[in-house]
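Q: The file below is data26.csv, CSV, C-alpha atoms and all ligand atoms:
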chain,number,residue,atom,x,y,z
A,914,MET,CA,-13.1,1.1,27.5
A,915,GLY,CA,-13.9,1.9,23.9
A,916,ASN,CA,-10.4,3.3,23.2
A,917,ARG,CA,-8.5,0.2,24.2
A,918,ARG,CA,-6.9,-1.6,21.3
A,919,ARG,CA,-7.6,-5.3,20.9
A,920,VAL,CA,-4.8,-7.7,19.8
A,921,LEU,CA,-5.3,-11.3,18.9
A,922,VAL,CA,-2.3,-13.6,19.5
A,923,VAL,CA,-2.3,-16.8,17.5
A,924,GLU,CA,0.4,-19.0,18.9
A,925,ASP,CA,0.5,-22.7,19.9
A,926,GLU,CA,3.6,-22.5,22.1
A,927,LEU,CA,1.9,-21.6,25.4
A,928,THR,CA,4.9,-20.0,27.1
A,929,ILE,CA,5.4,-17.6,24.1
A,930,ALA,CA,1.6,-16.9,23.8
A,931,GLU,CA,1.3,-16.2,27.6
A,932,SER,CA,4.3,-13.9,27.8
A,933,VAL,CA,3.3,-11.9,24.7
A,934,ALA,CA,-0.2,-11.6,26.1
A,935,ALA,CA,1.0,-10.5,29.5
A,936,ARG,CA,3.3,-7.9,28.1
A,937,LEU,CA,0.6,-6.5,25.8
A,938,ARG,CA,-1.9,-6.4,28.6
A,939,ALA,CA,0.6,-4.6,30.8
A,940,GLU,CA,0.8,-2.0,28.0
A,941,GLY,CA,-3.0,-1.4,28.0
A,942,PHE,CA,-4.2,-3.8,25.2
A,943,ASP,CA,-7.1,-6.1,25.4
A,944,VAL,CA,-5.6,-9.5,24.3
A,945,ASP,CA,-7.3,-12.6,23.0
A,946,LEU,CA,-5.4,-15.9,22.6
A,947,ALA,CA,-5.9,-18.6,20.0
A,948,HIS,CA,-3.8,-21.8,19.9
A,949,ASP,CA,-4.5,-23.1,16.4
A,950,GLY,CA,-5.4,-21.8,12.9
A,951,PRO,CA,-9.1,-22.4,12.9
A,952,GLN,CA,-9.5,-20.9,16.3
A,953,GLY,CA,-7.5,-17.9,15.2
A,954,VAL,CA,-9.8,-17.2,12.3
A,955,ALA,CA,-12.9,-17.7,14.4
A,956,ILE,CA,-11.8,-15.4,17.1
A,957,ALA,CA,-10.7,-12.7,14.6
A,958,ALA,CA,-14.1,-12.8,13.0
A,959,ARG,CA,-15.8,-12.4,16.4
A,960,THR,CA,-13.6,-9.9,18.2
A,961,LYS,CA,-12.4,-7.8,15.2
A,962,PRO,CA,-8.9,-7.2,16.6
A,963,ASP,CA,-7.0,-4.0,15.7
A,964,LEU,CA,-3.9,-6.1,15.1
A,965,VAL,CA,-3.0,-9.9,15.0
A,966,VAL,CA,0.3,-11.4,16.2
A,967,LEU,CA,0.4,-14.6,14.1
A,968,ASP,CA,2.8,-17.6,14.4
A,969,ILE,CA,3.5,-19.3,11.1
A,970,MET,CA,3.6,-23.0,12.3
A,971,LEU,CA,0.2,-23.8,13.8
A,972,PRO,CA,-1.9,-26.9,14.2
A,973,GLY,CA,-5.1,-27.0,12.1
A,974,PHE,CA,-3.9,-24.8,9.3
A,975,ASP,CA,-0.8,-22.7,9.2
A,976,GLY,CA,-0.3,-18.9,9.7
A,977,LEU,CA,-0.3,-18.3,5.9
A,978,GLU,CA,-3.8,-19.7,5.6
A,979,VAL,CA,-4.9,-17.8,8.8
A,980,CYS,CA,-3.4,-14.6,7.3
A,981,ARG,CA,-5.3,-15.1,4.0
A,982,ARG,CA,-8.6,-15.8,5.7
A,983,ILE,CA,-8.4,-12.9,8.2
A,984,GLN,CA,-7.4,-10.5,5.4
A,985,ALA,CA,-10.2,-11.7,3.2
A,986,GLU,CA,-12.7,-10.6,5.9
A,987,ARG,CA,-11.2,-7.1,6.4
A,988,PRO,CA,-7.8,-5.5,6.3
A,989,VAL,CA,-6.0,-5.8,9.7
A,990,PRO,CA,-2.3,-5.3,10.4
A,991,ILE,CA,-0.5,-8.7,11.0
A,992,LEU,CA,2.8,-9.2,12.7
A,993,MET,CA,4.1,-12.6,11.7
A,994,LEU,CA,6.3,-14.8,13.9
A,995,THR,CA,8.7,-17.2,12.3
A,996,ALA,CA,11.0,-19.9,13.6
A,997,ARG,CA,14.0,-19.2,11.4
A,998,ASP,CA,15.4,-16.5,9.2
A,999,ASP,CA,15.1,-18.7,6.1
A,1000,GLU,CA,11.4,-19.1,6.9
A,1001,THR,CA,11.1,-15.3,6.9
A,1002,ASP,CA,12.8,-15.2,3.5
A,1003,LEU,CA,10.4,-17.7,2.2
A,1004,LEU,CA,7.4,-15.8,3.4
A,1005,VAL,CA,8.8,-12.5,2.1
A,1006,GLY,CA,9.2,-14.2,-1.3
A,1007,LEU,CA,5.5,-15.3,-1.2
A,1008,ALA,CA,4.4,-11.8,-0.2
A,1009,VAL,CA,1.8,-13.2,2.1
A,1010,GLY,CA,0.4,-9.9,3.3
A,1011,ALA,CA,1.9,-9.7,6.8
A,1012,ASP,CA,2.8,-6.1,7.8
A,1013,ASP,CA,5.9,-7.1,9.7
A,1014,TYR,CA,8.0,-10.2,10.7
A,1015,MET,CA,9.9,-11.3,13.7
A,1016,THR,CA,12.1,-14.3,13.9
A,1017,LYS,CA,12.1,-16.4,17.1
A,1018,PRO,CA,13.6,-16.1,19.6
A,1019,PHE,CA,12.6,-12.4,19.8
A,1020,SER,CA,12.5,-9.9,22.6
A,1021,ILE,CA,9.0,-9.4,24.0
A,1022,ARG,CA,9.9,-5.7,24.6
A,1023,GLU,CA,10.7,-5.3,20.9
A,1024,LEU,CA,7.6,-7.1,19.9
A,1025,ALA,CA,5.5,-4.7,21.9
A,1026,ALA,CA,7.4,-1.8,20.3
A,1027,ARG,CA,6.6,-3.1,16.9
A,1028,VAL,CA,2.9,-3.5,17.8
A,1029,HIS,CA,2.8,0.1,18.9
A,1030,ALA,CA,4.6,1.2,15.7
A,1031,LEU,CA,2.1,-0.6,13.4
A,1032,LEU,CA,-0.8,0.9,15.3
A,1033,ARG,CA,0.6,4.4,15.1
A,1034,ARG,CA,1.0,4.0,11.4
A,1035,ILE,CA,-2.7,3.0,11.1
A,1036,ASP,CA,-3.7,6.1,13.2
A,1037,ARG,CA,-1.6,8.4,11.0
A,1038,ALA,CA,-3.2,6.8,7.9
A,1039,GLY,CA,-6.7,7.8,9.3
A,1040,GLN,CA,-5.7,11.4,9.6
A,1041,VAL,CA,-5.9,12.3,6.0
A,1042,GLU,CA,-7.2,15.7,5.0
A,1043,PRO,CA,-10.8,15.1,3.8
A,1044,GLU,CA,-10.1,17.1,0.6
A,1045,ALA,CA,-6.7,15.6,-0.1
A,1046,ALA,CA,-6.2,15.3,-3.8
A,1047,ALA,CA,-5.7,12.0,-5.6
A,1048,ILE,CA,-2.1,11.3,-6.8
A,1049,VAL,CA,-2.0,10.5,-10.5
A,1050,VAL,CA,1.2,9.1,-12.1
A,1051,GLY,CA,0.6,7.9,-15.6
A,1052,ASP,CA,-2.1,5.3,-15.5
A,1053,LEU,CA,-1.7,4.9,-11.7
A,1054,GLU,CA,-4.2,6.7,-9.4
A,1055,VAL,CA,-3.9,6.8,-5.6
A,1056,ASP,CA,-6.8,8.3,-3.7
A,1057,PRO,CA,-5.7,9.0,-0.1
A,1058,VAL,CA,-9.2,9.9,1.1
A,1059,GLU,CA,-10.9,6.7,0.0
A,1060,ARG,CA,-7.6,4.8,0.3
A,1061,ARG,CA,-8.2,3.2,-3.2
A,1062,VAL,CA,-5.6,2.5,-5.9
A,1063,ARG,CA,-6.4,2.0,-9.5
A,1064,ARG,CA,-4.1,1.1,-12.4
A,1065,ALA,CA,-5.5,1.7,-15.9
A,1066,GLY,CA,-8.9,2.1,-14.2
A,1067,VAL,CA,-8.8,-1.3,-12.5
A,1068,GLU,CA,-8.9,-1.2,-8.7
A,1069,ALA,CA,-6.3,-3.2,-6.8
A,1070,HIS,CA,-7.1,-4.5,-3.3
A,1071,LEU,CA,-4.2,-3.6,-1.1
A,1072,THR,CA,-3.6,-4.1,2.6
A,1073,PRO,CA,-3.3,-0.9,4.7
A,1074,ILE,CA,0.5,-1.0,4.7
A,1075,GLU,CA,0.7,-1.8,1.0
A,1076,PHE,CA,-1.5,1.3,0.4
A,1077,ASP,CA,0.8,3.5,2.5
A,1078,LEU,CA,3.9,2.2,0.6
A,1079,ILE,CA,2.5,2.9,-2.9
A,1080,ALA,CA,1.1,6.3,-1.7
A,1081,HIS,CA,4.6,7.2,-0.4
A,1082,LEU,CA,6.4,6.1,-3.6
A,1083,ALA,CA,3.8,7.8,-5.8
A,1084,ALA,CA,4.1,11.1,-4.0
A,1085,ARG,CA,7.6,11.4,-5.4
A,1086,PRO,CA,7.8,9.4,-8.6
A,1087,ARG,CA,11.2,8.5,-9.9
A,1088,ALA,CA,12.9,9.4,-6.6
A,1089,VAL,CA,14.9,6.6,-5.1
A,1090,HIS,CA,13.7,5.7,-1.6
A,1091,PRO,CA,16.3,3.8,0.5
A,1092,ARG,CA,14.8,0.7,2.2
A,1093,GLU,CA,15.9,1.9,5.7
A,1094,ARG,CA,14.1,5.2,5.1
A,1095,LEU,CA,10.9,3.5,4.0
A,1096,LEU,CA,11.1,1.3,7.0
A,1097,ALA,CA,11.4,4.3,9.3
A,1098,GLU,CA,8.8,6.4,7.5
A,1099,ILE,CA,6.1,3.8,6.9
A,1100,TRP,CA,6.7,1.2,9.5
A,1101,GLY,CA,7.9,3.7,12.1
A,1102,TRP,CA,10.9,2.0,13.4
A,1103,GLY,CA,14.5,3.1,13.3
A,1104,ASP,CA,16.7,0.1,13.0
A,1105,ALA,CA,17.5,-1.4,9.6
A,1106,ALA,CA,17.0,-5.0,10.7
A,1107,GLY,CA,13.6,-5.3,9.0
A,1108,THR,CA,14.4,-4.3,5.4
A,1109,ARG,CA,13.1,-7.7,4.2
A,1110,THR,CA,9.7,-6.5,5.3
A,1111,VAL,CA,10.0,-3.7,2.7
A,1112,ASP,CA,11.0,-6.2,0.0
A,1113,SER,CA,7.9,-8.3,0.9
A,1114,HIS,CA,5.6,-5.4,0.4
A,1115,VAL,CA,7.2,-4.3,-2.9
A,1116,LYS,CA,6.7,-7.9,-4.2
A,1117,ALA,CA,3.1,-7.8,-3.2
A,1118,LEU,CA,2.6,-4.4,-4.9
A,1119,ARG,CA,4.2,-5.7,-8.1
A,1120,ARG,CA,1.9,-8.8,-8.1
A,1121,LYS,CA,-1.2,-6.6,-7.6
A,1122,LEU,CA,-0.3,-3.6,-9.7
A,1123,GLY,CA,2.1,-4.9,-12.3
A,1124,ALA,CA,5.8,-5.8,-12.3
A,1125,ASP,CA,6.9,-2.7,-14.2
A,1126,LEU,CA,5.7,-0.2,-11.6
A,1127,ILE,CA,8.4,-0.3,-9.0
A,1128,ARG,CA,12.1,-0.3,-10.0
A,1129,THR,CA,14.7,-2.0,-7.7
A,1130,VAL,CA,17.7,0.2,-7.2
A,1131,HIS,CA,20.2,-2.5,-6.3
A,1132,GLY,CA,21.8,-2.0,-2.9
A,1133,VAL,CA,19.7,1.0,-2.1
A,1134,GLY,CA,16.0,0.8,-2.4
A,1135,TYR,CA,13.1,1.4,-4.7
A,1136,ALA,CA,11.6,4.0,-7.0
A,1137,LEU,CA,8.3,4.3,-8.7
A,1138,GLU,CA,8.5,4.3,-12.5
A,1139,VAL,CA,6.2,6.5,-14.4
A,1140,PRO,CA,3.8,4.1,-16.0
A,1141,LYS,CA,2.9,4.7,-19.7
B,1201,CA,CA,4.1,-22.7,16.4
Do you think you could lay out the structure here as structure tokens?

A:
Amino acid sequence: MGNRRRVLVVEDELTIAESVAARLRAEGFDVDLAHDGPQGVAIAARTKPDLVVLDIMLPGFDGLEVCRRIQAERPVPILMLTARDDETDLLVGLAVGADDYMTKPFSIRELAARVHALLRRIDRAGQVEPEAAAIVVGDLEVDPVERRVRRAGVEAHLTPIEFDLIAHLAARPRAVHPRERLLAEIWGWGDAAGTRTVDSHVKALRRKLGADLIRTVHGVGYALEVPK
């Protein structure tokens, strides 16, 4: 069953963990469960999941630390579960490198839909023309084939979704991209409830590539500035 996708669910609340796992298994995924932070990191290293559903409040060490350790190993999409909206805001502010967030209580059906959307995005990212040209905007260089980004010659280490976002913005420098549109085109979902996810990734890109690169268009969205 080489084509089956493997999802790791790291969640200490057993009822939530079991119902998420049951739904994802019913949709054809291989699912592993971990119930604390250290176990989550260990299982991720062993099973190399295609995606991780990660609760923030965990025994051992928390979801933030799990996220850091898993991403240090290799880039993998992470859907973060939070207990409250203000917790999501906090994480968004920290730009922890999760690809998407859901606040409890959430619908299992919607969680499954977001898992599919994240994986579809990864599949699309893998279908780049082998001769696709690098995008150069000022001192920013985005190479879609090798999926590398450099600013003033210095490579930045981006998560897969951060790469997709900067590549999308760089393809049309100066154009204003509404957050809802970015959410639909990059994350692949149509409702506007997750625009904080976009903000989180813009913050991460600013931290990694320089604060001057992406302009906030208040009440609308973001635009790539042309770096000097
Ligand atoms: Ca928890």

Q: Tell me which of A:Arg1033, A:Arg1060, A:Pro1091, A:Ala957 sits closest to Ala1045 (chain A), counting only C-alpha atoms.

A: A:Arg1060

Q: Just want the residues within 6 Å of ligand CA 1201 (chain B), written as an MDAnalysis selection string, counting only C-alpha atoms and all ligand atoms.

A: chainID A and resid 924:926 968 970:971

Q: Compute the distance from (-1.4, -20.4, 28.3) to each atom, counting only C-alpha atoms, keep the residues with any atom at most 10 Å away, and return them as a list in words; use the coordinates of the file.

A: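 So the residues meeting the distance criterion are Glu924, Asp925, Glu926, Leu927, Thr928, Ile929, Ala930, Glu931, Ser932, Ala934, Leu946, Ala947 and His948 of chain A.
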
Q: Choose the residue, out of A:Val1089, A:Ile1099, A:Ile956, A:Leu1004, that has the smallest atom-to-atom separation from His1131 (chain A); count all atoms listed in the file.

A: A:Val1089

Q: Given the choices A:Glu978, A:Glu1093, A:Glu1098, A:Glu1068, which gets closest to His1081 (chain A) if the distance is worked out from all atoms listed in the file?

A: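 Of A:Glu978, A:Glu1093, A:Glu1098, A:Glu1068, the one nearest His1081 (chain A) is A:Glu1098, counting all atoms listed in the file.
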
Q: Measure the distance from CA of Val989 (chain A) to CA of Arg1092 (chain A) in Å and round it to one decimal.

A: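 Interatomic distance here is 23.0 Å.
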
Q: Which of these, A:Thr1016, A:Thr960, A:Asn916, A:Thr1129, has the shortest distance to Leu992 (chain A) once you count all atoms listed in the file?

A: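 Looking only at the distances to Leu992 (chain A), the closest residue turns out to be A:Thr1016.
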
Q: Since the input lacks some atoms of region 1067-1098 of chain A, please model N, CA and C atoms and print them as a PDB file, keeping the file's coordinate frame.

A:
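Wrote it out as part_39.pdb, contents follow:
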ATOM      1  N   VAL A1067      -8.433  -0.047 -13.188  1.00  0.00           N
ATOM      2  CA  VAL A1067      -8.800  -1.300 -12.500  1.00  0.00           C
ATOM      3  C   VAL A1067      -8.344  -1.152 -11.017  1.00  0.00           C
ATOM      4  N   GLU A1068      -9.279  -1.316 -10.096  1.00  0.00           N
ATOM      5  CA  GLU A1068      -8.900  -1.200  -8.700  1.00  0.00           C
ATOM      6  C   GLU A1068      -8.138  -2.395  -8.192  1.00  0.00           C
ATOM      7  N   ALA A1069      -7.078  -2.110  -7.399  1.00  0.00           N
ATOM      8  CA  ALA A1069      -6.300  -3.200  -6.800  1.00  0.00           C
ATOM      9  C   ALA A1069      -6.659  -3.219  -5.288  1.00  0.00           C
ATOM     10  N   HIS A1070      -6.775  -4.407  -4.734  1.00  0.00           N
ATOM     11  CA  HIS A1070      -7.100  -4.500  -3.300  1.00  0.00           C
ATOM     12  C   HIS A1070      -5.850  -4.685  -2.504  1.00  0.00           C
ATOM     13  N   LEU A1071      -5.496  -3.628  -1.794  1.00  0.00           N
ATOM     14  CA  LEU A1071      -4.200  -3.600  -1.100  1.00  0.00           C
ATOM     15  C   LEU A1071      -4.486  -3.662   0.436  1.00  0.00           C
ATOM     16  N   THR A1072      -3.516  -4.199   1.171  1.00  0.00           N
ATOM     17  CA  THR A1072      -3.600  -4.100   2.600  1.00  0.00           C
ATOM     18  C   THR A1072      -3.232  -2.693   3.026  1.00  0.00           C
ATOM     19  N   PRO A1073      -3.548  -2.311   4.278  1.00  0.00           N
ATOM     20  CA  PRO A1073      -3.300  -0.900   4.700  1.00  0.00           C
ATOM     21  C   PRO A1073      -1.815  -0.512   4.469  1.00  0.00           C
ATOM     22  N   ILE A1074      -0.883  -1.392   4.798  1.00  0.00           N
ATOM     23  CA  ILE A1074       0.500  -1.000   4.700  1.00  0.00           C
ATOM     24  C   ILE A1074       0.949  -0.967   3.209  1.00  0.00           C
ATOM     25  N   GLU A1075       0.402  -1.832   2.382  1.00  0.00           N
ATOM     26  CA  GLU A1075       0.700  -1.800   1.000  1.00  0.00           C
ATOM     27  C   GLU A1075       0.218  -0.436   0.386  1.00  0.00           C
ATOM     28  N   PHE A1076      -0.957  -0.003   0.858  1.00  0.00           N
ATOM     29  CA  PHE A1076      -1.500   1.300   0.400  1.00  0.00           C
ATOM     30  C   PHE A1076      -0.492   2.413   0.792  1.00  0.00           C
ATOM     31  N   ASP A1077      -0.072   2.398   2.050  1.00  0.00           N
ATOM     32  CA  ASP A1077       0.800   3.500   2.500  1.00  0.00           C
ATOM     33  C   ASP A1077       2.126   3.477   1.704  1.00  0.00           C
ATOM     34  N   LEU A1078       2.624   2.308   1.370  1.00  0.00           N
ATOM     35  CA  LEU A1078       3.900   2.200   0.600  1.00  0.00           C
ATOM     36  C   LEU A1078       3.702   2.784  -0.798  1.00  0.00           C
ATOM     37  N   ILE A1079       2.658   2.389  -1.474  1.00  0.00           N
ATOM     38  CA  ILE A1079       2.500   2.900  -2.900  1.00  0.00           C
ATOM     39  C   ILE A1079       2.196   4.393  -2.836  1.00  0.00           C
ATOM     40  N   ALA A1080       1.432   4.855  -1.833  1.00  0.00           N
ATOM     41  CA  ALA A1080       1.100   6.300  -1.700  1.00  0.00           C
ATOM     42  C   ALA A1080       2.429   7.078  -1.512  1.00  0.00           C
ATOM     43  N   HIS A1081       3.294   6.526  -0.676  1.00  0.00           N
ATOM     44  CA  HIS A1081       4.600   7.200  -0.400  1.00  0.00           C
ATOM     45  C   HIS A1081       5.458   7.239  -1.617  1.00  0.00           C
ATOM     46  N   LEU A1082       5.538   6.139  -2.354  1.00  0.00           N
ATOM     47  CA  LEU A1082       6.400   6.100  -3.600  1.00  0.00           C
ATOM     48  C   LEU A1082       5.774   7.029  -4.648  1.00  0.00           C
ATOM     49  N   ALA A1083       4.452   7.017  -4.757  1.00  0.00           N
ATOM     50  CA  ALA A1083       3.800   7.800  -5.800  1.00  0.00           C
ATOM     51  C   ALA A1083       3.858   9.288  -5.577  1.00  0.00           C
ATOM     52  N   ALA A1084       4.030   9.669  -4.296  1.00  0.00           N
ATOM     53  CA  ALA A1084       4.100  11.100  -4.000  1.00  0.00           C
ATOM     54  C   ALA A1084       5.360  11.723  -4.597  1.00  0.00           C
ATOM     55  N   ARG A1085       6.390  10.899  -4.801  1.00  0.00           N
ATOM     56  CA  ARG A1085       7.600  11.400  -5.400  1.00  0.00           C
ATOM     57  C   ARG A1085       8.092  10.403  -6.470  1.00  0.00           C
ATOM     58  N   PRO A1086       7.386  10.365  -7.605  1.00  0.00           N
ATOM     59  CA  PRO A1086       7.800   9.400  -8.600  1.00  0.00           C
ATOM     60  C   PRO A1086       9.192   9.607  -9.106  1.00  0.00           C
ATOM     61  N   ARG A1087       9.840   8.509  -9.473  1.00  0.00           N
ATOM     62  CA  ARG A1087      11.200   8.500  -9.900  1.00  0.00           C
ATOM     63  C   ARG A1087      12.268   8.637  -8.845  1.00  0.00           C
ATOM     64  N   ALA A1088      11.891   9.242  -7.701  1.00  0.00           N
ATOM     65  CA  ALA A1088      12.900   9.400  -6.600  1.00  0.00           C
ATOM     66  C   ALA A1088      13.226   8.056  -6.035  1.00  0.00           C
ATOM     67  N   VAL A1089      14.500   7.877  -5.688  1.00  0.00           N
ATOM     68  CA  VAL A1089      14.900   6.600  -5.100  1.00  0.00           C
ATOM     69  C   VAL A1089      14.718   6.699  -3.565  1.00  0.00           C
ATOM     70  N   HIS A1090      13.972   5.721  -3.052  1.00  0.00           N
ATOM     71  CA  HIS A1090      13.700   5.700  -1.600  1.00  0.00           C
ATOM     72  C   HIS A1090      14.514   4.540  -1.000  1.00  0.00           C
ATOM     73  N   PRO A1091      15.511   4.864  -0.163  1.00  0.00           N
ATOM     74  CA  PRO A1091      16.300   3.800   0.500  1.00  0.00           C
ATOM     75  C   PRO A1091      15.359   2.950   1.379  1.00  0.00           C
ATOM     76  N   ARG A1092      15.653   1.640   1.423  1.00  0.00           N
ATOM     77  CA  ARG A1092      14.800   0.700   2.200  1.00  0.00           C
ATOM     78  C   ARG A1092      14.738   1.132   3.671  1.00  0.00           C
ATOM     79  N   GLU A1093      15.889   1.553   4.238  1.00  0.00           N
ATOM     80  CA  GLU A1093      15.900   1.900   5.700  1.00  0.00           C
ATOM     81  C   GLU A1093      14.988   3.128   5.909  1.00  0.00           C
ATOM     82  N   ARG A1094      14.968   4.051   4.936  1.00  0.00           N
ATOM     83  CA  ARG A1094      14.100   5.200   5.100  1.00  0.00           C
ATOM     84  C   ARG A1094      12.647   4.841   5.004  1.00  0.00           C
ATOM     85  N   LEU A1095      12.326   3.952   4.065  1.00  0.00           N
ATOM     86  CA  LEU A1095      10.900   3.500   4.000  1.00  0.00           C
ATOM     87  C   LEU A1095      10.499   2.805   5.243  1.00  0.00           C
ATOM     88  N   LEU A1096      11.412   2.015   5.798  1.00  0.00           N
ATOM     89  CA  LEU A1096      11.100   1.300   7.000  1.00  0.00           C
ATOM     90  C   LEU A1096      10.805   2.293   8.160  1.00  0.00           C
ATOM     91  N   ALA A1097      11.595   3.348   8.233  1.00  0.00           N
ATOM     92  CA  ALA A1097      11.400   4.300   9.300  1.00  0.00           C
ATOM     93  C   ALA A1097      10.119   5.144   9.043  1.00  0.00           C
ATOM     94  N   GLU A1098       9.885   5.532   7.793  1.00  0.00           N
ATOM     95  CA  GLU A1098       8.800   6.400   7.500  1.00  0.00           C
ATOM     96  C   GLU A1098       7.423   5.726   7.462  1.00  0.00           C
TER      97      GLU A1098
END
